[in-house]
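Inspection log for the structure reproduced underneath, given as structure tokens.
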Amino acid sequence: MSTGIETSAKGTGGTRDPQEGRGLWSLAARHPRAVVLACIGVVSLTGWAYLAAMVAAMLPVMDMGELGPGMALFNAFNIFAGLPAEARALLAAICLPEGASTFGMPASAVWSAHDMLLVLVMWAAMALAMMLPTAAPVIAHFAEKVRQGPHEGRRALAPGRATLVLALGYLSVWMAYAVVATLAQAALTMAGALTPMMAPVTTVLAGTTLVAAGIYQFTPAKAACLWRCRNPRLFFAGHRPSTLAETFRLGVMQGLFCFGCCWALMTVMFAVGIMNVLWIALLGLLMGLEKTFLSERLPQVIGVFLLLWGGFLLSLAAFGRTALAG
């Protein structure tokens with residue numbers, strides 16, 4: 001009898017979680033990809049909810065056009081609709097004087113520790129909203145792979161726990177990026193290169209950021225990291241962790257590949273306004289499309305667009321300096 005039980009267990013992969021037969025656990029065991037995608041959707045929506053709350057807090061008292069290209073559309077919902085730029089600036093100064101604050105927004109150009117924390121949480125929410133959905137295929141594939149059981153001589157991992165640890169390893173890379181981005185934003189704000197509304201003060205910063213991001217789209221590093229993001233099956237075929245520590249390191253590795261693929265597009269936020277939710281959505285969509293479609297044309301098309309846009313902004317800055325000198 002015991003031999004029959006062992007044979008049955010081996011026939012199903014031998015990796016059953018002790019709670020597999022209990023209600024939701026049983027459902028998750030049968031449909032790991034669906035469960036992973038649902039969880040990623042919930043976490044990503046949490047990031048979007050935080051960003052939406054920030055915008056909602058700013059909406060009544062701020063000229064939303066100062067957040068970056070396209071954001072002036074939101075002025076249709078506040079007192080700034082249809083007013084000339086001078087009137088909007090005056091109203092913004094009256095409604096939100098220096099030293100006041102809104103939810104998630106630093107109070108002034110001189111940041112306190114509390115302001116740093118607010119911005120760090122904002123960047124973390126952006127990572128959840130923009131980057132976690134692009135990793136959904138990789139994490140879902142790992143969930144299915146770990147259900148198939150370990151290689152010979154390797155210990156089986158609980159699928160649910162291993163998948164969560166892999167996702168945490170992946171997110172740790174983008175949380176580290178959030179810290180670096182927060183420090184960079186603080187330095188640029190205190191240097192006067194970014195406004196308190198988190199938009200670039202001059203077209204020079206916007207233009208150089210766009211040109212740098214456009215150039216990176218054509219580099220071998222971009223192509224190599226994108227290839228690994230697009231082919232999770234090949235990556236996991238050569239990496240079968242037997243411990244949670246190994247799983248976490250695997251998540252970090254995959255996070256680094258994703259970082260190498262997407263960091264330049266993420267940094268475009270410094271050019272279009274860091275709290276520009278329209279561009280947050282657009283860039284997140286572009287990064288997802290890059291990882292989904294196997295054509296090499298899309299990254300190049302994005303690169304050309306960024307180069308042309310950045311070059312145009314830099315030419316405007318040069319023309320402005322020439323006009324002032326004349």
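Quick note on naming: the chains in the structure tokens go A, B, ... in the order shown, residues restart at 1 in each chain, and ligands are numbered from 1 in order of appearance.
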
Quiz item: Within 12 Å of Thr219 (chain A), counting only C-alpha atoms, which residues qualify if same-chain residues fewer than 2 places away don't, as a list in words?
Solution: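 My reading of the contact set: Ala212, Ala213, Gly214, Ile215, Tyr216, Gln217, Ala221, Lys222, Ala223, Ala224, Cys225, Leu226, Gly260, Cys261, Ala264, Pro299, Gln300 and Gly303 of chain A.
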
Counting only C-alpha atoms, which residues of region 237-324 of chain A sit at most 10 Å from some atom of region 45-51 of chain A, and what is each one's closest atom pair with its distance in Å to one decimal, listed by chain and rising residue number, as a tab-separated table?
residue	atom	partner	partner_atom	distance
A:Met275	CA	A:Leu51	CA	8.1
A:Asn276	CA	A:Leu51	CA	9.7
A:Val277	CA	A:Leu51	CA	7.6
A:Ile280	CA	A:Trp48	CA	9.7
A:Ala281	CA	A:Trp48	CA	9.4

Residues as selected, C-alpha atoms, written as a PDB file, in the first residue's frame, can you do that?
ATOM      1  CA  MET A 275       3.929  62.753 -11.252  1.00  0.00           C
ATOM      2  CA  ASN A 276       2.625  62.740 -14.829  1.00  0.00           C
ATOM      3  CA  VAL A 277       0.234  59.800 -14.521  1.00  0.00           C
ATOM      4  CA  ILE A 280       3.351  56.610 -16.189  1.00  0.00           C
ATOM      5  CA  ALA A 281       0.603  54.656 -17.937  1.00  0.00           C
TER       6      ALA A 281
END

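Ranking A:Thr182, A:Thr134, A:Thr195, A:Ser295 by their shortest atom-to-atom distance to Leu283 (chain A), with only C-alpha atoms included, puts A:Thr134 first.
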
Quiz item: With only C-alpha atoms as the atoms that count, which of A:Val36, A:Val272, A:Leu73, A:Met64 lies nearest to Thr208 (chain A)?
Solution: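 Checking each candidate against Thr208 (chain A), we get A:Val272 as the closest.
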
Practice problem: Compile the contact shell of Arg230 (chain A) as a PyMOL selection string: residues with an atom at most 8 Å away, counting only C-alpha atoms, same-chain residues fewer than 2 positions apart removed. | Solution: chain A and resi 226-228+232+291-292+294

Quiz item: A:Val121, A:Val55, A:Ala87, A:Leu37: which is nearest Ala135 (chain A), counting only C-alpha atoms?
Solution: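 When distances to Ala135 (chain A) are compared using only C-alpha atoms, the smallest one comes from A:Leu37.
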
Quiz item: Mind pulling up the distance from CA of Val211 (chain A) to CA of Gly311 (chain A)?
Solution: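 Taking CA of Gly311 (chain A) and CA of Val211 (chain A), their separation equals 6.8 Å.
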
Practice problem: Quick one: everything within 12 Å of Met269 (chain A), counting only C-alpha atoms, minus sequence neighbours fewer than 6 positions away in the same chain. Send it as a ChimeraX atom specification. | Solution: /A:67-69,123,126,130,181,185,194,198-200,205-207,209-210,213,263,275-284

Quiz item: In Å to one decimal, how far is CA of Met122 (chain A) from CA of Ala52 (chain A)?
Solution: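 Distance between the two atoms: 10.8 Å.
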
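The neighbours of Lys145 (chain A) here are the residues that come within 10 Å of it, using only C-alpha atoms and leaving out any residue fewer than 5 positions away in the same chain; they are A:Pro32, A:Ile139, A:Ala140, A:Pro150, A:Pro159, A:Thr163, A:Arg233, A:Phe236, A:Ala237, A:Arg240.
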
Exercise. To one decimal in Å, tell me the separation between CA of Trp174 (chain A) and CA of Met266 (chain A).
Key: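 Distance between the two atoms: 10.5 Å.
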